[in-house]
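Student: Sharing input-v9.cif, mmCIF, C-alpha atoms (C1' of nucleotides):
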data_upload
loop_
_atom_site.label_atom_id
_atom_site.label_comp_id
_atom_site.auth_asym_id
_atom_site.auth_seq_id
_atom_site.Cartn_x
_atom_site.Cartn_y
_atom_site.Cartn_z
CA MET A 1 3.85 -22.35 -15.27
CA GLY A 2 4.13 -19.66 -17.89
CA GLU A 3 6.18 -16.59 -17.50
CA ARG A 4 3.14 -14.55 -16.85
CA GLY A 5 -0.39 -15.78 -17.05
CA VAL A 6 -3.64 -16.46 -15.33
CA ASP A 7 -4.24 -19.48 -13.19
CA ARG A 8 -7.93 -19.99 -12.78
CA ILE A 9 -7.41 -22.37 -9.94
CA TYR A 10 -6.67 -19.56 -7.55
CA LYS A 11 -9.29 -17.20 -6.26
CA CYS A 12 -8.63 -13.79 -4.85
CA PRO A 13 -9.36 -13.92 -1.13
CA GLU A 14 -10.42 -10.33 -1.27
CA CYS A 15 -12.79 -9.88 -4.17
CA GLU A 16 -13.44 -13.48 -5.22
CA SER A 17 -12.07 -12.83 -8.66
CA ARG A 18 -10.23 -15.63 -10.42
CA ASN A 19 -8.17 -13.21 -12.36
CA ILE A 20 -5.02 -14.00 -10.46
CA ILE A 21 -1.98 -13.10 -12.45
CA THR A 22 1.27 -14.96 -12.08
CA ASP A 23 4.18 -12.78 -12.98
CA SER A 24 7.27 -14.83 -12.43
CA LYS A 25 9.39 -12.22 -14.13
CA HIS A 26 8.77 -9.90 -11.24
CA ALA A 27 8.21 -12.85 -8.97
CA GLU A 28 4.80 -11.96 -7.79
CA LEU A 29 1.17 -12.97 -7.72
CA TYR A 30 -1.55 -10.44 -7.81
CA CYS A 31 -5.25 -9.98 -8.45
CA ALA A 32 -6.12 -8.24 -11.68
CA ASP A 33 -9.33 -6.80 -10.34
CA CYS A 34 -8.66 -5.42 -6.90
CA GLY A 35 -4.90 -5.27 -7.13
CA LEU A 36 -4.23 -7.38 -4.09
CA VAL A 37 -0.66 -8.54 -4.20
CA ILE A 38 -0.82 -12.03 -2.86
CA ALA A 39 2.85 -12.73 -2.91
CA GLU A 40 5.93 -11.04 -4.14
CA ASN A 41 9.56 -10.52 -3.42
CA ILE A 42 10.38 -7.25 -5.05
CA VAL A 43 13.09 -5.65 -2.99
CA ASP A 44 12.67 -1.91 -3.13
CA LEU A 45 9.28 -1.61 -1.51
CA GLY A 46 10.56 -1.03 1.96
CA PRO A 47 12.21 -2.80 4.82
CA GLU A 48 9.12 -4.64 5.95
CA TRP A 49 8.92 -6.76 2.82
CA ARG A 50 10.38 -10.22 2.83
CA SER A 51 11.17 -12.63 0.09
CA TYR A 52 9.44 -15.89 -0.54
CA ASP A 53 10.43 -18.53 -2.98
CA GLU A 54 7.92 -20.07 -5.31
CA GLU A 55 7.35 -23.12 -3.22
CA GLN A 56 6.41 -21.12 -0.18
CA THR A 57 4.24 -18.92 -2.32
CA ALA A 58 2.29 -21.82 -3.68
CA LYS A 59 1.86 -23.26 -0.27
CA ARG A 60 0.48 -20.07 1.08
CA ILE A 61 -2.00 -19.73 -1.71
CA ARG A 62 -3.32 -23.21 -1.21
CA THR A 63 -3.68 -22.88 2.48
CA GLY A 64 -6.21 -20.15 1.97
CA PRO A 65 -6.13 -16.56 3.12
CA PRO A 66 -3.11 -14.49 2.23
CA MET A 67 -0.48 -13.69 4.74
CA THR A 68 -1.08 -10.50 6.55
CA TYR A 69 1.54 -7.87 6.23
CA ARG A 70 0.70 -6.14 9.42
CA ILE A 71 3.63 -4.58 11.09
CA PRO A 72 2.88 -4.00 14.73
CA ASP A 73 3.59 -0.49 15.80
CA LYS A 74 5.80 -1.03 18.76
CA GLY A 75 5.18 2.37 20.25
CA LEU A 76 1.54 1.61 20.74
CA GLY A 77 -0.28 -1.32 22.16
CA THR A 78 0.36 -4.47 20.17
CA PRO A 79 -2.73 -6.62 20.08
CA ALA A 80 -2.87 -10.30 20.65
CA PRO A 81 -1.76 -11.78 17.36
CA GLU A 82 -4.34 -14.49 17.14
CA LEU A 83 -7.32 -12.19 17.10
CA PRO A 84 -9.02 -11.46 13.78
CA ALA A 85 -8.29 -8.09 12.23
CA ARG A 86 -11.52 -6.39 13.14
CA THR A 87 -11.26 -7.35 16.76
CA LYS A 88 -7.74 -6.13 16.87
CA ARG A 89 -8.75 -2.74 15.79
CA LEU A 90 -11.59 -2.46 18.20
CA ARG A 91 -9.34 -3.43 20.99
CA TRP A 92 -6.80 -0.86 19.98
CA ILE A 93 -9.43 1.77 20.13
CA SER A 94 -10.25 0.92 23.67
CA ILE A 95 -6.60 0.92 24.65
CA ASP A 96 -5.66 4.44 23.73
CA SER A 97 -9.02 5.98 23.31
CA GLY A 98 -9.85 9.26 24.77
CA ASP A 99 -9.28 10.38 21.26
CA LYS A 100 -12.54 10.22 19.40
CA THR A 101 -10.92 11.25 16.17
CA LEU A 102 -9.16 7.92 16.00
CA VAL A 103 -12.46 6.11 15.92
CA LEU A 104 -13.70 8.39 13.22
CA ALA A 105 -10.54 7.91 11.23
CA LEU A 106 -10.69 4.14 11.40
CA LEU A 107 -14.32 4.12 10.41
CA GLU A 108 -13.50 6.33 7.50
CA ILE A 109 -10.65 4.07 6.45
CA ASP A 110 -13.05 1.16 6.53
CA ARG A 111 -15.63 2.97 4.49
CA MET A 112 -13.20 4.09 1.83
CA THR A 113 -11.31 0.84 1.44
CA ASP A 114 -14.61 -0.94 1.02
CA ALA A 115 -15.80 1.57 -1.55
CA LEU A 116 -12.57 1.20 -3.50
CA LYS A 117 -12.50 -2.57 -3.11
CA LEU A 118 -9.05 -2.40 -1.64
CA PRO A 119 -7.45 -5.45 -0.05
CA ASN A 120 -7.28 -5.87 3.68
CA ASN A 121 -3.59 -5.31 4.02
CA ILE A 122 -4.08 -1.81 2.67
CA LYS A 123 -6.75 -1.18 5.23
CA GLU A 124 -4.52 -2.40 8.01
CA GLU A 125 -1.50 -0.47 6.88
CA THR A 126 -3.43 2.73 6.56
CA SER A 127 -4.55 2.34 10.14
CA VAL A 128 -0.95 1.86 11.15
CA LEU A 129 0.01 4.95 9.25
CA TYR A 130 -2.63 6.95 11.03
CA ARG A 131 -1.25 5.86 14.36
CA LYS A 132 2.18 6.83 13.22
CA ALA A 133 0.90 10.27 12.37
CA MET A 134 -0.68 10.53 15.80
CA LYS A 135 2.59 9.62 17.36
CA HIS A 136 4.27 12.41 15.48
CA ASN A 137 1.62 14.84 16.68
CA LEU A 138 0.40 15.50 13.20
CA ILE A 139 -3.23 15.03 14.11
CA LYS A 140 -4.31 18.29 15.59
CA LYS A 141 -7.35 20.35 16.07
CA GLY A 142 -8.10 22.16 12.87
CA ARG A 143 -6.76 19.51 10.56
CA SER A 144 -9.36 17.60 8.68
CA ILE A 145 -9.48 13.91 9.33
CA GLU A 146 -11.05 13.37 5.95
CA ASP A 147 -8.10 14.98 4.21
CA LEU A 148 -5.51 13.09 6.19
CA VAL A 149 -7.15 9.70 5.95
CA SER A 150 -7.67 10.04 2.22
CA ALA A 151 -4.07 11.07 1.73
CA MET A 152 -2.88 8.18 3.89
CA LEU A 153 -4.87 5.74 1.87
CA TYR A 154 -3.21 7.05 -1.23
CA ILE A 155 0.23 6.76 0.33
CA THR A 156 -0.39 3.18 1.39
CA CYS A 157 -1.62 2.28 -2.06
CA ARG A 158 1.53 3.72 -3.55
CA GLN A 159 3.73 1.89 -1.09
CA TYR A 160 2.10 -1.41 -1.84
CA GLU A 161 1.85 -0.79 -5.55
CA VAL A 162 -1.86 -1.29 -5.52
CA PRO A 163 -3.06 0.93 -8.29
CA ARG A 164 -5.46 3.60 -7.18
CA THR A 165 -5.11 7.17 -8.33
CA LEU A 166 -5.54 10.25 -6.23
CA LYS A 167 -8.56 11.02 -8.34
CA GLU A 168 -10.19 7.69 -7.63
CA ILE A 169 -9.65 8.18 -3.94
CA ALA A 170 -11.08 11.65 -4.08
CA GLU A 171 -14.22 10.27 -5.67
CA VAL A 172 -15.10 8.24 -2.61
CA SER A 173 -13.68 10.70 -0.15
CA ARG A 174 -15.67 13.30 1.69
CA SER A 175 -12.84 15.69 0.99
CA SER A 176 -11.77 17.28 -2.25
CA LEU A 177 -8.92 16.38 -4.56
CA LYS A 178 -7.14 19.60 -3.80
CA LYS A 179 -7.29 19.20 -0.07
CA ILE A 180 -6.20 15.60 -0.24
CA ARG A 181 -3.21 16.54 -2.32
CA ARG A 182 -2.24 19.16 0.22
CA ALA A 183 -2.53 16.66 3.02
CA TYR A 184 -0.55 14.17 1.00
CA ILE A 185 2.36 16.55 0.54
CA PHE A 186 2.14 17.51 4.18
CA LEU A 187 2.37 13.90 5.34
CA ILE A 188 5.15 12.98 2.95
CA ARG A 189 7.23 15.83 4.27
CA LYS A 190 6.54 15.44 7.93
CA LEU A 191 6.97 11.70 8.01
CA GLY A 192 9.85 11.64 5.57
CA ILE A 193 8.18 9.11 3.32
CA LYS A 194 9.80 8.34 0.00
CA LEU A 195 7.59 6.95 -2.72
CA ALA A 196 8.83 5.25 -5.83
CA PRO A 197 7.26 6.42 -9.07
CA VAL A 198 4.24 4.46 -10.14
CA ASN A 199 4.79 1.83 -12.76
CA PRO A 200 2.09 2.42 -15.37
CA ALA A 201 1.84 -1.30 -16.01
CA ARG A 202 0.27 -1.62 -12.58
CA TYR A 203 -2.89 -0.05 -13.88
CA ILE A 204 -3.22 -2.22 -16.93
CA PRO A 205 -4.78 -5.35 -15.40
CA ARG A 206 -7.50 -3.40 -13.69
CA PHE A 207 -8.29 -1.20 -16.66
CA CYS A 208 -8.43 -4.20 -18.97
CA SER A 209 -10.69 -5.97 -16.54
CA LYS A 210 -13.01 -2.99 -16.41
CA LEU A 211 -13.17 -2.88 -20.17
CA GLY A 212 -13.65 -6.59 -20.54
CA LEU A 213 -10.56 -7.00 -22.65
CA SER A 214 -8.86 -10.32 -23.23
CA GLU A 215 -5.76 -11.62 -21.54
CA GLU A 216 -4.00 -11.38 -24.82
CA ILE A 217 -4.57 -7.65 -25.00
CA ARG A 218 -3.50 -7.21 -21.43
CA GLU A 219 -0.28 -9.09 -21.94
CA ARG A 220 0.44 -7.19 -25.06
CA ALA A 221 -0.13 -3.86 -23.38
CA ILE A 222 2.19 -4.79 -20.56
CA GLU A 223 4.73 -5.93 -23.10
CA ILE A 224 4.53 -2.61 -24.87
CA LEU A 225 5.28 -0.78 -21.67
CA ARG A 226 8.07 -3.14 -20.82
CA ASP A 227 9.77 -2.38 -24.11
CA ASP A 228 9.37 1.25 -23.44
CA GLU A 229 10.67 1.27 -19.93
CA GLY A 230 13.18 3.91 -19.06
CA THR A 231 12.72 6.02 -22.13
CA GLY A 232 10.95 8.82 -20.36
CA VAL A 233 7.48 7.88 -21.43
CA ALA A 234 7.07 5.33 -18.73
CA LYS A 235 8.06 7.72 -16.00
CA GLY A 236 5.63 10.42 -16.92
CA TRP A 237 3.58 12.14 -14.31
CA GLU A 238 0.34 10.62 -15.34
CA PRO A 239 1.02 6.91 -15.44
CA THR A 240 -2.63 6.18 -16.09
CA GLY A 241 -2.40 8.01 -19.38
CA THR A 242 0.54 5.91 -20.42
CA ALA A 243 -1.28 2.76 -19.35
CA ALA A 244 -4.36 3.73 -21.33
CA ALA A 245 -2.27 4.48 -24.40
CA ALA A 246 -0.56 1.11 -24.16
CA ILE A 247 -3.88 -0.67 -23.95
CA TYR A 248 -5.20 1.25 -26.86
CA LEU A 249 -2.14 0.43 -28.91
CA ALA A 250 -2.47 -3.21 -27.95
CA THR A 251 -6.06 -3.36 -29.18
CA VAL A 252 -5.13 -1.70 -32.44
CA LEU A 253 -2.18 -4.00 -33.00
CA SER A 254 -3.93 -7.27 -32.31
CA GLY A 255 -7.72 -7.28 -32.10
CA GLU A 256 -8.69 -5.18 -35.08
CA LYS A 257 -12.37 -5.90 -34.67
CA ARG A 258 -13.59 -5.33 -31.16
CA LYS A 259 -11.47 -2.38 -30.33
CA LYS A 260 -12.27 0.19 -27.74
CA THR A 261 -12.47 3.84 -28.57
CA GLU A 262 -10.09 6.39 -27.19
CA LEU A 263 -12.94 7.89 -25.29
CA GLU A 264 -13.69 4.65 -23.46
CA LEU A 265 -10.06 4.29 -22.51
CA ALA A 266 -9.98 7.87 -21.32
CA LYS A 267 -13.00 7.34 -19.13
CA VAL A 268 -11.68 4.24 -17.47
CA ALA A 269 -8.22 5.66 -16.97
CA GLY A 270 -9.50 8.98 -15.72
CA VAL A 271 -7.49 11.04 -18.17
CA SER A 272 -8.46 13.04 -21.21
CA VAL A 273 -8.40 11.91 -24.81
CA PRO A 274 -5.67 14.40 -25.79
CA THR A 275 -3.47 13.04 -23.05
CA ILE A 276 -3.82 9.51 -24.33
CA ARG A 277 -2.98 10.74 -27.78
CA SER A 278 0.15 12.48 -26.71
CA ARG A 279 1.29 9.37 -24.86
CA LEU A 280 0.40 7.31 -27.86
CA LYS A 281 2.64 9.39 -30.05
CA PHE A 282 5.60 8.74 -27.82
CA LEU A 283 4.89 5.04 -27.67
CA GLU A 284 4.58 4.79 -31.43
CA ARG A 285 7.73 6.76 -31.97
CA GLN A 286 9.56 4.38 -29.67
CA ARG A 287 8.39 1.36 -31.55
CA GLY A 288 8.97 2.84 -34.96
CA SER A 289 12.64 3.51 -34.41
"C1'" DC B 1 -22.57 9.97 -38.17
"C1'" DT B 2 -18.81 8.35 -35.30
"C1'" DT B 3 -14.04 8.12 -34.45
"C1'" DT B 4 -9.47 9.96 -34.82
"C1'" DA B 5 -5.95 13.66 -35.31
"C1'" DG B 6 -3.82 18.02 -34.34
"C1'" DA B 7 -3.57 22.74 -32.24
"C1'" DC B 8 -4.51 26.37 -29.11
"C1'" DG B 9 -4.97 28.81 -24.61
"C1'" DA B 10 -6.16 28.07 -19.80
"C1'" DA B 11 -5.27 25.94 -15.65
"C1'" DG B 12 -2.99 23.48 -12.36
"C1'" DT B 13 1.54 20.98 -10.95
"C1'" DA B 14 6.53 19.71 -9.88
"C1'" DT B 15 10.86 21.57 -9.50
"C1'" DT B 16 14.07 24.93 -8.45
"C1'" DA B 17 16.23 28.77 -6.31
"C1'" DT C 1 7.93 31.08 -0.24
"C1'" DA C 2 7.86 32.59 -5.12
"C1'" DA C 3 9.13 31.94 -9.91
"C1'" DT C 4 9.95 28.87 -13.70
"C1'" DA C 5 9.31 25.05 -16.75
"C1'" DA C 6 6.78 21.22 -18.27
"C1'" DT C 7 2.30 18.85 -18.46
"C1'" DT C 8 -2.62 18.13 -18.85
"C1'" DC C 9 -7.30 19.51 -20.05
"C1'" DG C 10 -11.11 21.19 -22.71
"C1'" DT C 11 -12.51 22.68 -26.93
"C1'" DC C 12 -12.36 23.60 -31.66
"C1'" DT C 13 -11.57 22.28 -36.51
"C1'" DA C 14 -10.95 18.91 -39.86
"C1'" DA C 15 -10.17 14.52 -41.89
"C1'" DA C 16 -10.96 9.63 -42.22
"C1'" DG C 17 -13.87 5.40 -41.86
#
Represent the structure of the file as C-alpha cells.
Tutor:
Amino acid sequence: MGERGVDRIYKCPECESRNIITDSKHAELYCADCGLVIAENIVDLGPEWRSYDEEQTAKRIRTGPPMTYRIPDKGLGTPAPELPARTKRLRWISIDSGDKTLVLALLEIDRMTDALKLPNNIKEETSVLYRKAMKHNLIKKGRSIEDLVSAMLYITCRQYEVPRTLKEIAEVSRSSLKKIRRAYIFLIRKLGIKLAPVNPARYIPRFCSKLGLSEEIRERAIEILRDDEGTGVAKGWEPTGTAAAAIYLATVLSGEKRKKTELELAKVAGVSVPTIRSRLKFLERQRGS
DNA sequence: CTTTAGACGAAGTATTA
DNA sequence: TAATAATTCGTCTAAAG
C-alpha cells in the first residue's frame, strides 16, 4: 500500500464513488468526492474519536458499511441500537415530541445533507447537536430553525473535517449566509464548542474531483500545502483560496497542457480570482526561498 | 481574443480592549 | 459592545500568449 493513493477496490458507501483515498501518513481513509471519512485515528478531533489500527480498518471496509459514529445522548432517550438510522430518528421524535420544531429541524437536516451529499454520520451528529441545543434551552420562540440547523451542519462538518464551506451550506439553506454566521457564533459561544482551523488540504480532493483533474495533480497539490504548513499561508482565513491556489500551482508545475484557468478554480473554490492570486504569491515565495 | 498580473477602494470579518 | 487591524472582493488597466 502506498503512502497515499487510491484503491479502486473500495467503494464509498455513501456516494458510490471509487475515489477512496488512503492516507497512511495521517492514518485515515476518506472519500474524495463526498468527504466521508471512513476510518481514521487522528487524535485532536474530540473525545469521541477512537483509534483503529490498519488491520481493523481493512476489516471494517471489507465488511461493508462504515462504522457509525453515533454518540448516544444520554440525557435523552437512547434508541434501541439495532434499529436502522431512520427508524431511530422517527422513534426519537415520538419519544419527546410535543415539540414540532424538532420534526421540522430533523427534516431540514435531512434535506440539506442530501443536497450537499454529506455522509450519514454528519447527518446523525447534526441531529445530536440539535438535541444538545434543545437541552441547553437554546431553541426558543423567535429563533429561526433554518439559521440554527444550517449553522449546526457547518459545525458538524468542521468537527468531522468534512469539507463544506459556510457559503456552500448557505446555498442550499433557506436562510442567508449572514444569518447562518450569526447563528454559528451564537452556538459556538453558548455551547462552548472549540473548532480547530480548517486544513486547506481537506478541500483539495473534492475540488480536483469536480474539475476532473488527475490523481497526480491532486497529490502534488496536497504536497505543496504540506511543504507550506505552518508558515502562515496554510492557516489563512479562507482555506479554500489556499487550496485553489495549490491546485493551480500543481497544474502549472506538472500538466502544462490541460491546465485549468484561474477563473475555473475560483468558481469551484467559491473565492475570487484576486484571492487565489494573492495566495499564489505566498505559495510561490515559499517555494522560491 | 483569452488569460494572467497588479492595484485600488469598498465591504465585511476577526480580534482586541 | 465598539474600535482596530487585517483580509477579501469586484473592477479596472495592462501585458502576455
Student: Name the residues in contact with DG9 in chain B at a cut-off of 12 Å, using only C-alpha atoms (C1' of nucleotides), excluding same-chain residues fewer than 6 positions from it; report them as an mmCIF file with C-alpha atoms (C1' of nucleotides), keeping the file's coordinate frame.
Tutor:
data_model
loop_
_atom_site.group_PDB
_atom_site.id
_atom_site.type_symbol
_atom_site.label_atom_id
_atom_site.label_comp_id
_atom_site.auth_asym_id
_atom_site.auth_seq_id
_atom_site.Cartn_x
_atom_site.Cartn_y
_atom_site.Cartn_z
ATOM 1 C "C1'" DC C 9 -7.300 19.510 -20.050
ATOM 2 C "C1'" DG C 10 -11.110 21.190 -22.710
ATOM 3 C "C1'" DT C 11 -12.510 22.680 -26.930
ATOM 4 C "C1'" DC C 12 -12.360 23.600 -31.660
#
Student: Skipping near chain neighbours, those fewer than 5 positions away, what residues fall within 10 Å of DG17 in chain C using all atoms listed in the file, listed as a list in words?
Tutor: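 Once the adjacent positions are removed, what remains is DT2, DT3 and DT4 of chain B.
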Student: Which polymer residues, whether protein, DNA or RNA, lie within 6 Å of the coordinate (-7.0, 16.8, -22.2) when you count all atoms listed in the file? List them as a CSV table (one decimal) with C-alpha atoms (C1' of nucleotides), in the frame of the given file, using the chain letters and numbers from the file.
Tutor:
chain,number,residue,atom,x,y,z
A,272,SER,CA,-8.5,13.0,-21.2
A,273,VAL,CA,-8.4,11.9,-24.8
A,274,PRO,CA,-5.7,14.4,-25.8
A,275,THR,CA,-3.5,13.0,-23.0
C,8,DT,C1',-2.6,18.1,-18.8
C,9,DC,C1',-7.3,19.5,-20.0
Student: I need the contact residues of chain A against chain B, so if you could list those with any atom within 12 Å, counting only C-alpha atoms (C1' of nucleotides), and return them as a list in words, that would help.
Tutor: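 Close to chain B, chain A has Lys178, Arg181, Arg182, Ile185, Gly236, Trp237, Glu238, Lys259, Lys260, Thr261, Glu262, Leu263, Glu264, Val273, Pro274, Ile276, Arg277, Ser278, Leu280 and Lys281 of chain A.
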Student: Expressed in Å to a single decimal, how great is the separation between CA of Ala246 in chain A and CA of Gln159 in chain A?
Tutor: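 Distance reported for this atom pair: 23.5 Å.
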Student: Please check which residues have atoms at most 10 Å from (-1.7, 17.0, 10.3) in the file's coordinates, counting all atoms listed in the file, and write them as JSON, numbers by chain.
Tutor: {"A": [133, 134, 136, 137, 138, 139, 140, 141, 142, 143, 144, 145, 147, 148, 183, 184, 186, 187, 190]}
Student: Enter the distance from CA of Ile247 in chain A to CA of Ala221 in chain A, in Å, rounded to one decimal.
Tutor: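 Value for the CA of Ile247 in chain A-CA of Ala221 in chain A distance: 5.0 Å.
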Student: State, in Å with one decimal place, the distance from CA of Pro205 in chain A to CA of Lys123 in chain A.
Tutor: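 Computing it gives 21.1 Å between the two atoms.
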Student: If the PyMOL selection byres ((chain A and resi 175) around 6) is run on the structure shown, which residues does it catch, given as number ranges by chain?
Tutor: A: 146-147, 173-174, 176
Student: My list of candidates is A:Arg279, A:Val128, A:Leu177, A:Arg287. Which is closest to chain C when distances are computed with only C-alpha atoms (C1' of nucleotides)?
Tutor: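 The closest residue to chain C is A:Arg279.
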Student: Find, counting only C-alpha atoms (C1' of nucleotides), the residue in A:Asn199, A:Gln286, A:Gly270, A:Ile122 that gets nearest to chain C.
Tutor: A:Gly270
